[in-house]
file coords.tsv (TSV, C-alpha atoms)
chain	number	residue	atom	x	y	z
C	1	MET	CA	-38.29	-56.38	36.69
C	2	LYS	CA	-38.79	-53.49	34.32
C	3	LEU	CA	-36.13	-52.89	31.70
C	4	ARG	CA	-37.66	-49.76	30.24
C	5	ILE	CA	-36.27	-46.67	31.92
C	6	GLU	CA	-38.93	-44.14	32.84
C	7	SER	CA	-38.62	-40.79	31.12
C	8	ASP	CA	-37.93	-38.73	34.23
C	9	VAL	CA	-35.25	-41.15	35.36
C	10	ARG	CA	-33.28	-41.09	32.12
C	11	PRO	CA	-31.67	-37.62	32.56
C	12	VAL	CA	-30.69	-38.56	36.12
C	13	VAL	CA	-28.99	-41.76	34.99
C	14	THR	CA	-27.34	-40.02	32.05
C	15	SER	CA	-25.81	-37.30	34.19
C	16	ALA	CA	-24.76	-39.83	36.83
C	17	LEU	CA	-22.90	-41.80	34.16
C	18	ALA	CA	-21.32	-38.72	32.57
C	19	LEU	CA	-20.18	-37.49	35.97
C	20	SER	CA	-18.79	-40.91	36.86
C	21	GLY	CA	-16.91	-41.10	33.57
C	22	ALA	CA	-15.21	-37.79	34.29
C	23	VAL	CA	-14.39	-38.90	37.81
C	24	GLY	CA	-12.97	-42.15	36.45
C	25	VAL	CA	-10.49	-40.16	34.39
C	26	PHE	CA	-9.56	-38.22	37.50
C	27	ALA	CA	-9.02	-41.56	39.25
C	28	LEU	CA	-6.57	-42.44	36.50
C	29	ALA	CA	-4.59	-39.32	37.40
C	30	PHE	CA	-4.80	-40.19	41.10
C	31	GLY	CA	-3.48	-43.70	40.42
C	32	VAL	CA	-0.48	-42.42	38.48
C	33	LEU	CA	0.30	-39.71	41.03
C	34	ALA	CA	-0.09	-41.93	44.10
C	35	VAL	CA	2.27	-44.57	42.76
C	36	GLY	CA	4.66	-41.78	41.79
C	37	ALA	CA	4.56	-40.58	45.40
C	38	GLY	CA	5.72	-43.96	46.63
C	39	ALA	CA	2.53	-45.94	47.25
C	40	SER	CA	2.27	-49.51	46.03
C	41	VAL	CA	-0.45	-50.46	43.56
C	42	TRP	CA	-2.33	-52.20	46.39
C	43	GLN	CA	-2.07	-49.22	48.74
C	44	THR	CA	-3.29	-46.93	45.99
C	45	CYS	CA	-6.27	-49.16	45.25
C	46	ALA	CA	-7.06	-49.59	48.95
C	47	LEU	CA	-7.20	-45.80	49.35
C	48	SER	CA	-9.73	-45.49	46.54
C	49	PHE	CA	-11.81	-48.39	47.82
C	50	PHE	CA	-11.86	-47.64	51.54
C	51	THR	CA	-11.19	-43.93	51.83
C	52	PHE	CA	-13.23	-43.07	48.72
C	53	THR	CA	-13.01	-39.30	48.85
C	54	GLY	CA	-10.79	-37.92	46.12
C	55	ALA	CA	-9.49	-34.64	47.50
C	56	SER	CA	-8.40	-36.27	50.78
C	57	GLN	CA	-6.64	-39.10	48.96
C	58	MET	CA	-4.81	-36.62	46.73
C	59	SER	CA	-3.90	-34.37	49.63
C	60	ALA	CA	-2.45	-37.23	51.68
C	61	MET	CA	-0.39	-38.49	48.75
C	62	SER	CA	1.01	-35.09	47.85
C	63	VAL	CA	2.24	-34.56	51.42
C	64	ILE	CA	3.88	-37.99	51.26
C	65	ALA	CA	5.32	-37.11	47.83
C	66	SER	CA	7.01	-34.03	49.27
C	67	GLY	CA	8.56	-36.05	52.10
C	68	GLY	CA	6.01	-35.47	54.86
C	69	SER	CA	5.21	-37.89	57.67
C	70	VAL	CA	2.08	-40.00	57.98
C	71	GLY	CA	0.78	-37.61	60.65
C	72	GLY	CA	1.39	-34.62	58.44
C	73	ALA	CA	-0.39	-36.32	55.56
C	74	LEU	CA	-3.36	-37.24	57.73
C	75	GLY	CA	-4.03	-33.76	59.13
C	76	GLY	CA	-4.98	-31.95	55.96
C	77	ALA	CA	-6.57	-35.03	54.40
C	78	LEU	CA	-8.89	-35.53	57.37
C	79	LEU	CA	-9.81	-31.86	57.47
C	80	LEU	CA	-10.83	-32.19	53.82
C	81	ALA	CA	-12.76	-35.36	54.65
C	82	GLY	CA	-14.60	-33.38	57.32
C	83	ARG	CA	-16.79	-31.74	54.75
C	84	ASN	CA	-18.41	-35.08	53.96
C	85	GLY	CA	-19.76	-34.94	57.50
C	86	VAL	CA	-21.55	-31.74	56.59
C	87	TYR	CA	-22.96	-33.41	53.48
C	88	GLY	CA	-24.18	-36.31	55.61
C	89	LEU	CA	-26.02	-33.81	57.76
C	90	ALA	CA	-27.74	-32.39	54.68
C	91	LEU	CA	-28.59	-35.79	53.18
C	92	SER	CA	-29.65	-37.53	56.36
C	93	PRO	CA	-33.34	-36.54	56.23
C	94	TYR	CA	-33.66	-38.27	52.82
C	95	PHE	CA	-32.67	-41.65	54.20
C	96	GLY	CA	-34.91	-44.05	56.07
C	97	GLU	CA	-34.53	-45.38	59.58
C	98	SER	CA	-32.69	-48.58	58.64
C	99	LEU	CA	-29.29	-48.36	60.32
C	100	GLY	CA	-27.71	-50.94	58.03
C	101	LYS	CA	-28.67	-48.99	54.95
C	102	ARG	CA	-27.41	-45.78	56.52
C	103	LEU	CA	-24.08	-47.34	57.40
C	104	LEU	CA	-23.71	-48.48	53.80
C	105	ALA	CA	-24.93	-45.20	52.29
C	106	ALA	CA	-22.51	-43.23	54.46
C	107	HIS	CA	-19.52	-44.59	52.55
C	108	PHE	CA	-20.85	-42.93	49.40
C	109	VAL	CA	-21.54	-39.48	50.86
C	110	ILE	CA	-19.17	-37.31	48.81
C	111	ASP	CA	-19.25	-34.14	46.67
C	112	GLU	CA	-20.80	-35.77	43.60
C	113	THR	CA	-23.51	-37.90	45.22
C	114	THR	CA	-24.56	-34.94	47.38
C	115	ALA	CA	-24.73	-32.65	44.35
C	116	MET	CA	-26.70	-35.19	42.30
C	117	MET	CA	-29.13	-36.00	45.09
C	118	THR	CA	-29.89	-32.46	46.16
C	119	ALA	CA	-30.48	-31.46	42.53
C	120	GLN	CA	-33.57	-33.72	42.26
C	121	SER	CA	-37.12	-32.59	42.87
C	122	ASN	CA	-38.76	-35.59	44.56
C	123	PRO	CA	-37.77	-38.38	47.00
C	124	ARG	CA	-38.00	-41.13	44.36
C	125	LEU	CA	-35.59	-39.36	41.98
C	126	GLN	CA	-33.36	-38.36	44.88
C	127	LYS	CA	-32.97	-41.97	45.87
C	128	ILE	CA	-32.29	-43.05	42.27
C	129	ALA	CA	-29.80	-40.20	41.81
C	130	PHE	CA	-27.91	-41.07	44.96
C	131	TRP	CA	-27.58	-44.79	44.32
C	132	THR	CA	-26.94	-44.58	40.57
C	133	THR	CA	-24.20	-42.02	41.13
C	134	ALA	CA	-22.80	-43.98	44.07
C	135	ILE	CA	-22.56	-47.27	42.19
C	136	ALA	CA	-21.32	-45.90	38.85
C	137	LEU	CA	-18.87	-43.52	40.46
C	138	PHE	CA	-17.48	-46.02	42.93
C	139	SER	CA	-16.94	-48.58	40.15
C	140	LEU	CA	-15.20	-46.17	37.79
C	141	TRP	CA	-13.20	-44.49	40.56
C	142	ASN	CA	-11.71	-47.83	41.55
C	143	LEU	CA	-11.21	-49.04	37.99
C	144	GLY	CA	-9.53	-45.75	37.02
C	145	THR	CA	-7.29	-45.93	40.09
C	146	LEU	CA	-6.14	-49.44	39.25
C	147	ILE	CA	-5.32	-48.60	35.63
C	148	GLY	CA	-3.57	-45.38	36.70
C	149	ALA	CA	-1.55	-47.18	39.37
C	150	LEU	CA	-0.42	-49.84	36.89
C	151	LEU	CA	0.52	-47.17	34.34
C	152	GLY	CA	2.26	-45.09	37.00
C	153	SER	CA	4.45	-47.97	38.08
C	154	SER	CA	6.30	-47.81	34.78
C	155	ILE	CA	7.22	-44.11	34.66
C	156	ASP	CA	9.46	-41.75	36.63
C	157	PRO	CA	7.26	-39.08	38.26
C	158	TYR	CA	9.84	-36.27	38.31
C	159	THR	CA	10.85	-36.64	34.66
C	160	TYR	CA	7.23	-36.45	33.54
C	161	GLY	CA	6.34	-33.50	35.78
C	162	LEU	CA	3.82	-35.55	37.73
C	163	ASP	CA	4.51	-33.67	40.96
C	164	VAL	CA	3.02	-30.64	39.25
C	165	GLY	CA	0.14	-32.88	38.16
C	166	PHE	CA	-1.06	-32.85	41.78
C	167	SER	CA	-1.16	-29.06	41.93
C	168	ALA	CA	-2.82	-28.91	38.51
C	169	ALA	CA	-5.58	-31.24	39.68
C	170	TYR	CA	-6.14	-29.08	42.77
C	171	VAL	CA	-6.31	-25.95	40.63
C	172	ALA	CA	-9.10	-27.49	38.57
C	173	MET	CA	-10.91	-28.56	41.75
C	174	LEU	CA	-10.38	-25.14	43.33
C	175	PHE	CA	-11.95	-22.97	40.64
C	176	PRO	CA	-15.63	-23.64	41.51
C	177	HIS	CA	-14.89	-22.55	45.10
C	178	LEU	CA	-13.68	-19.13	43.96
C	179	ARG	CA	-17.12	-17.94	42.92
C	180	THR	CA	-17.87	-16.34	46.29
C	181	ALA	CA	-15.93	-13.53	47.96
C	182	ASN	CA	-15.45	-15.70	51.08
C	183	GLY	CA	-14.12	-18.52	48.90
C	184	ARG	CA	-11.56	-16.21	47.28
C	185	ILE	CA	-10.42	-14.76	50.60
C	186	ALA	CA	-10.17	-18.22	52.18
C	187	ALA	CA	-8.16	-19.50	49.20
C	188	ALA	CA	-5.79	-16.53	49.20
C	189	SER	CA	-5.22	-16.74	52.97
C	190	GLY	CA	-4.81	-20.51	52.89
C	191	ALA	CA	-2.25	-20.21	50.10
C	192	LEU	CA	-0.31	-17.52	51.98
C	193	VAL	CA	-0.24	-19.46	55.27
C	194	SER	CA	0.89	-22.65	53.52
C	195	VAL	CA	3.95	-21.01	51.95
C	196	VAL	CA	4.94	-18.64	54.77
C	197	LEU	CA	4.88	-21.40	57.42
C	198	ALA	CA	6.76	-23.93	55.28
C	199	PRO	CA	10.30	-23.13	56.49
C	200	PHE	CA	9.31	-23.27	60.17
C	201	VAL	CA	7.13	-26.34	60.70
C	202	PRO	CA	7.24	-30.01	59.58
C	203	ILE	CA	6.06	-30.90	56.05
C	204	GLY	CA	2.29	-31.30	55.87
C	205	LEU	CA	1.57	-29.04	58.83
C	206	PRO	CA	1.31	-25.86	56.72
C	207	ILE	CA	-1.57	-27.52	54.84
C	208	LEU	CA	-3.40	-28.23	58.07
C	209	ALA	CA	-2.62	-24.76	59.43
C	210	SER	CA	-4.11	-23.17	56.34
C	211	GLY	CA	-7.42	-24.41	57.72
C	212	VAL	CA	-7.54	-21.26	59.89
C	213	ALA	CA	-8.53	-19.44	56.70
C	214	ILE	CA	-12.04	-20.92	56.96
C	215	PHE	CA	-12.82	-18.52	59.80
C	216	VAL	CA	-13.30	-15.93	57.10
C	217	GLY	CA	-16.81	-17.42	57.16
C	218	LEU	CA	-17.39	-15.77	60.54
C	219	ARG	CA	-17.55	-12.30	59.07
C	220	PRO	CA	-21.11	-11.09	58.67
C	221	GLN	CA	-22.64	-12.00	55.33
C	222	LYS	CA	-23.93	-8.50	54.61
C	223	VAL	CA	-21.56	-5.68	55.47
C	224	GLU	CA	-23.30	-2.61	56.87
C	225	PRO	CA	-22.19	0.59	55.19
C	226	THR	CA	-20.02	2.43	57.65
C	227	SER	CA	-20.61	6.15	57.76
Y	228	MET	CA	9.30	-42.38	51.26
Y	229	ASN	CA	6.98	-42.42	54.22
Y	230	MET	CA	4.05	-44.19	52.57
Y	231	SER	CA	2.63	-46.88	54.79
Y	232	TRP	CA	-0.44	-49.02	55.37
Y	233	ALA	CA	-1.01	-47.08	58.58
Y	234	LEU	CA	-1.81	-44.01	56.49
Y	235	VAL	CA	-4.23	-46.00	54.32
Y	236	ILE	CA	-6.00	-47.42	57.37
Y	237	TRP	CA	-6.18	-44.21	59.43
Y	238	LEU	CA	-7.34	-42.16	56.49
Y	239	SER	CA	-10.03	-44.71	55.63
Y	240	VAL	CA	-11.26	-44.96	59.21
Y	241	GLY	CA	-11.22	-41.18	59.63
Y	242	ALA	CA	-12.96	-40.48	56.35
Y	243	TYR	CA	-15.69	-42.99	57.11
Y	244	ALA	CA	-16.12	-41.60	60.61
Y	245	PHE	CA	-16.74	-38.14	59.18
Y	246	LYS	CA	-19.21	-39.49	56.63
Y	247	MET	CA	-21.07	-41.27	59.46
Y	248	LEU	CA	-20.99	-38.28	61.76
Y	249	GLY	CA	-23.50	-36.31	59.71
Y	250	PHE	CA	-25.85	-39.27	59.63
Y	251	VAL	CA	-25.63	-39.77	63.38
Y	252	VAL	CA	-26.03	-36.24	64.73
Y	253	VAL	CA	-28.84	-35.73	62.28
Y	254	GLY	CA	-31.95	-33.78	61.64
Y	255	SER	CA	-32.97	-32.61	65.08
Y	256	ARG	CA	-30.09	-30.20	65.33
Y	257	LYS	CA	-28.91	-27.81	62.73
Y	258	LEU	CA	-25.38	-26.41	62.64
Y	259	PRO	CA	-25.13	-22.75	63.62
Y	260	GLU	CA	-25.14	-20.70	60.47
Y	261	ALA	CA	-21.74	-19.09	61.07
Y	262	LEU	CA	-20.23	-22.56	61.49
Y	263	SER	CA	-21.75	-23.78	58.21
Y	264	ARG	CA	-20.37	-20.73	56.45
Y	265	CYS	CA	-16.91	-21.65	57.76
Y	266	LEU	CA	-17.15	-25.34	56.91
Y	267	VAL	CA	-18.00	-24.75	53.25
Y	268	LEU	CA	-14.70	-22.87	52.97
Y	269	ILE	CA	-12.56	-25.89	53.85
Y	270	PRO	CA	-11.96	-26.97	50.24
Y	271	ALA	CA	-11.13	-23.41	49.12
Y	272	ALA	CA	-8.56	-22.91	51.90
Y	273	LEU	CA	-6.98	-26.36	51.73
Y	274	LEU	CA	-6.85	-26.80	47.97
Y	275	ALA	CA	-5.23	-23.38	47.59
Y	276	ALA	CA	-2.75	-24.33	50.32
Y	277	LEU	CA	-1.94	-27.61	48.57
Y	278	VAL	CA	-1.36	-25.78	45.29
Y	279	PHE	CA	0.91	-23.06	46.67
Y	280	ASN	CA	2.74	-25.21	49.17
Y	281	GLY	CA	3.26	-27.86	46.51
Y	282	THR	CA	4.55	-25.39	43.96
Y	283	PHE	CA	6.60	-22.87	45.90
Y	284	THR	CA	8.30	-24.99	48.54
Y	285	ASP	CA	10.99	-27.64	48.24
Y	286	THR	CA	11.12	-29.80	51.35
Y	287	GLN	CA	11.12	-26.92	53.84
Y	288	ALA	CA	12.53	-24.09	51.76
Y	289	ILE	CA	10.65	-21.59	49.65
Y	290	SER	CA	11.66	-21.98	46.02
Y	291	ILE	CA	10.56	-20.87	42.58
Y	292	ASP	CA	11.36	-23.21	39.67
Y	293	GLU	CA	9.83	-24.99	36.64
Y	294	ARG	CA	6.83	-25.95	38.73
Y	295	ALA	CA	5.68	-22.32	38.81
Y	296	VAL	CA	5.38	-22.35	35.01
Y	297	GLY	CA	3.49	-25.65	35.15
Y	298	LEU	CA	1.13	-24.11	37.68
Y	299	LEU	CA	0.56	-21.08	35.48
Y	300	VAL	CA	-0.38	-23.39	32.61
Y	301	ALA	CA	-2.78	-25.27	34.91
Y	302	ILE	CA	-4.43	-22.04	36.05
Y	303	VAL	CA	-5.01	-20.88	32.48
Y	304	ALA	CA	-6.30	-24.32	31.44
Y	305	ALA	CA	-8.66	-24.59	34.43
Y	306	TRP	CA	-9.84	-21.03	33.89
Y	307	ARG	CA	-10.67	-21.95	30.27
Y	308	LYS	CA	-12.76	-24.79	31.79
Y	309	LEU	CA	-10.73	-27.56	30.14
Y	310	PRO	CA	-11.39	-31.07	31.55
Y	311	LEU	CA	-9.39	-31.99	34.65
Y	312	ILE	CA	-7.28	-34.60	32.91
Y	313	VAL	CA	-6.30	-32.08	30.20
Y	314	VAL	CA	-5.32	-29.57	32.89
Y	315	VAL	CA	-3.15	-32.19	34.59
Y	316	VAL	CA	-1.51	-33.42	31.39
Y	317	LEU	CA	-0.76	-29.91	30.08
Y	318	ALA	CA	0.79	-28.78	33.36
Y	319	ALA	CA	2.85	-31.95	33.74
Y	320	ALA	CA	3.98	-31.84	30.09
Y	321	VAL	CA	5.15	-28.21	30.26
Y	322	THR	CA	7.03	-28.91	33.50
Y	323	ALA	CA	8.60	-32.05	32.02
Y	324	ILE	CA	9.74	-30.19	28.90
Y	325	LEU	CA	11.27	-27.37	30.97
Y	326	ARG	CA	13.10	-29.93	33.11
Y	327	ALA	CA	14.41	-31.72	30.05
Y	328	VAL	CA	15.90	-28.66	28.35
call {"tool": "encode", "arguments": {"input": "coords.tsv", "output": "structure tokens"}}
result
Amino acid sequence: MKLRIESDVRPVVTSALALSGAVGVFALAFGVLAVGAGASVWQTCALSFFTFTGASQMSAMSVIASGGSVGGALGGALLLAGRNGVYGLALSPYFGESLGKRLLAAHFVIDETTAMMTAQSNPRLQKIAFWTTAIALFSLWNLGTLIGALLGSSIDPYTYGLDVGFSAAYVAMLFPHLRTANGRIAAASGALVSVVLAPFVPIGLPILASGVAIFVGLRPQKVEPTS
Amino acid sequence: MNMSWALVIWLSVGAYAFKMLGFVVVGSRKLPEALSRCLVLIPAALLAALVFNGTFTDTQAISIDERAVGLLVAIVAAWRKLPLIVVVVLAAAVTAILRAV
């Protein structure tokens, strides 16, 4: 057992820890908001432990907070969870044949682990990046959730503007996706659909329906100049 | 409130199923490029929908209230690249103050 950390591993571990710290603080916010939306402390913690994909957890709880049904909450949350499937596709070649290990690793395939792993230059560092991020992030995500849920149990969400806290968190998560033209069009269309449909369909459904905006991706990447 | 264990369980099962899916259909096939371009847009479309639906509707009616100001604060804070927790706290605080006065 070597205690000394090799020099090329250090930056990987440092960024994994920094990233996990930031995510832990986000978990704190999730804990407070979820309890405010009506979840028990246990339900909130179970979501972080077993669902373990932040945007989906948030999305489900905000639909519940606004009075939506379980079905309505599930739709948008699962669509958001769908992108982890795409990550799995990208990461799969890096993992060995062992099915048990794959089944375990799958639980940790999320935005952050994918970003950390794909940023490394060789298989050894990729493996270290994935597992360090997975372990640190999972620990802090669950710890943050628990503390947030306990804190949240003692305050009134409406008085403290926590319902807007959800939207604020999404805004921060949305910004990186607005760097491409397609991202901006998809966001604008999704936003429009979600508000325009609201009076006509059950709560939660407008979020799912906004998914049609992703078909913006079908337009050709390079637009030919039309004469 | 409609929160239930069923939601916790279904969401967990579904989320894990998606995570597994990529590992199972693996390597040999690659997603068509147009499909990949669509899939990367899911967060953009859905997060924007969550923001606008959450801010400008009240149950099933369109409404503009204190939340719009909170959102504006969040947008400015996120645009200035402030940490997520600061964005959340600022937006919630402004909304809370407006509701109190």
call {"tool": "residues_near_point", "arguments": {"input": "coords.tsv", "point": "(7.1, -31.7, 56.1)", "cutoff": "9 Å", "atoms": "only C-alpha atoms", "output": "PyMOL selection string"}}
result
(chain C and resi 63-64+66-69+72-73+198+201-206) or (chain Y and resi 286-287)
call {"tool": "closest_atom_pairs", "arguments": {"input": "coords.tsv", "of": "chain Y", "to": "chain C", "cutoff": "6 Å", "atoms": "only C-alpha atoms", "output": "JSON lines"}}
result
{"residue": "Y:Asn229", "atom": "CA", "partner": "C:Ser69", "partner_atom": "CA", "distance": 6.0}
{"residue": "Y:Met230", "atom": "CA", "partner": "C:Ala39", "partner_atom": "CA", "distance": 5.8}
{"residue": "Y:Leu234", "atom": "CA", "partner": "C:Val70", "partner_atom": "CA", "distance": 5.8}
{"residue": "Y:Val235", "atom": "CA", "partner": "C:Leu47", "partner_atom": "CA", "distance": 5.8}
{"residue": "Y:Ser239", "atom": "CA", "partner": "C:Thr51", "partner_atom": "CA", "distance": 4.0}
{"residue": "Y:Ala242", "atom": "CA", "partner": "C:Ala81", "partner_atom": "CA", "distance": 5.4}
{"residue": "Y:Phe245", "atom": "CA", "partner": "C:Gly85", "partner_atom": "CA", "distance": 4.7}
{"residue": "Y:Lys246", "atom": "CA", "partner": "C:Gly85", "partner_atom": "CA", "distance": 4.7}
{"residue": "Y:Met247", "atom": "CA", "partner": "C:Ala106", "partner_atom": "CA", "distance": 5.6}
{"residue": "Y:Leu248", "atom": "CA", "partner": "C:Gly85", "partner_atom": "CA", "distance": 5.6}
{"residue": "Y:Gly249", "atom": "CA", "partner": "C:Leu89", "partner_atom": "CA", "distance": 4.1}
{"residue": "Y:Phe250", "atom": "CA", "partner": "C:Gly88", "partner_atom": "CA", "distance": 5.3}
{"residue": "Y:Val253", "atom": "CA", "partner": "C:Leu89", "partner_atom": "CA", "distance": 5.7}
{"residue": "Y:Ala261", "atom": "CA", "partner": "C:Leu218", "partner_atom": "CA", "distance": 5.5}
{"residue": "Y:Arg264", "atom": "CA", "partner": "C:Gly217", "partner_atom": "CA", "distance": 4.9}
{"residue": "Y:Cys265", "atom": "CA", "partner": "C:Gly217", "partner_atom": "CA", "distance": 4.3}
{"residue": "Y:Leu268", "atom": "CA", "partner": "C:Ile214", "partner_atom": "CA", "distance": 5.2}
{"residue": "Y:Ile269", "atom": "CA", "partner": "C:Ile214", "partner_atom": "CA", "distance": 5.9}
{"residue": "Y:Ala271", "atom": "CA", "partner": "C:Ala187", "partner_atom": "CA", "distance": 4.9}
{"residue": "Y:Ala272", "atom": "CA", "partner": "C:Ala187", "partner_atom": "CA", "distance": 4.4}
{"residue": "Y:Leu274", "atom": "CA", "partner": "C:Tyr170", "partner_atom": "CA", "distance": 5.7}
{"residue": "Y:Ala275", "atom": "CA", "partner": "C:Ala191", "partner_atom": "CA", "distance": 5.0}
{"residue": "Y:Ala276", "atom": "CA", "partner": "C:Ala191", "partner_atom": "CA", "distance": 4.2}
{"residue": "Y:Val278", "atom": "CA", "partner": "C:Ser167", "partner_atom": "CA", "distance": 4.7}
{"residue": "Y:Phe279", "atom": "CA", "partner": "C:Ala191", "partner_atom": "CA", "distance": 5.5}
{"residue": "Y:Asn280", "atom": "CA", "partner": "C:Val195", "partner_atom": "CA", "distance": 5.2}
{"residue": "Y:Gln287", "atom": "CA", "partner": "C:Pro199", "partner_atom": "CA", "distance": 4.7}
{"residue": "Y:Ala288", "atom": "CA", "partner": "C:Pro199", "partner_atom": "CA", "distance": 5.3}
{"residue": "Y:Ala301", "atom": "CA", "partner": "C:Ala168", "partner_atom": "CA", "distance": 5.1}
{"residue": "Y:Ala305", "atom": "CA", "partner": "C:Ala172", "partner_atom": "CA", "distance": 5.1}
{"residue": "Y:Leu311", "atom": "CA", "partner": "C:Ala172", "partner_atom": "CA", "distance": 6.0}
{"residue": "Y:Val315", "atom": "CA", "partner": "C:Gly165", "partner_atom": "CA", "distance": 4.9}
{"residue": "Y:Ala319", "atom": "CA", "partner": "C:Gly161", "partner_atom": "CA", "distance": 4.3}
{"residue": "Y:Thr322", "atom": "CA", "partner": "C:Gly161", "partner_atom": "CA", "distance": 5.2}
{"residue": "Y:Ala323", "atom": "CA", "partner": "C:Gly161", "partner_atom": "CA", "distance": 4.6}
call {"tool": "atom_distance", "arguments": {"input": "coords.tsv", "atom1": "CA of Leu150 in chain C", "atom2": "CA of Val41 in chain C"}}
result
6.7 Å
call {"tool": "atom_distance", "arguments": {"input": "coords.tsv", "atom1": "CA of Thr114 in chain C", "atom2": "CA of Val303 in chain Y"}}
result
28.3 Å
call {"tool": "atom_distance", "arguments": {"input": "coords.tsv", "atom1": "CA of Leu266 in chain Y", "atom2": "CA of Gly24 in chain C"}}
result
26.8 Å
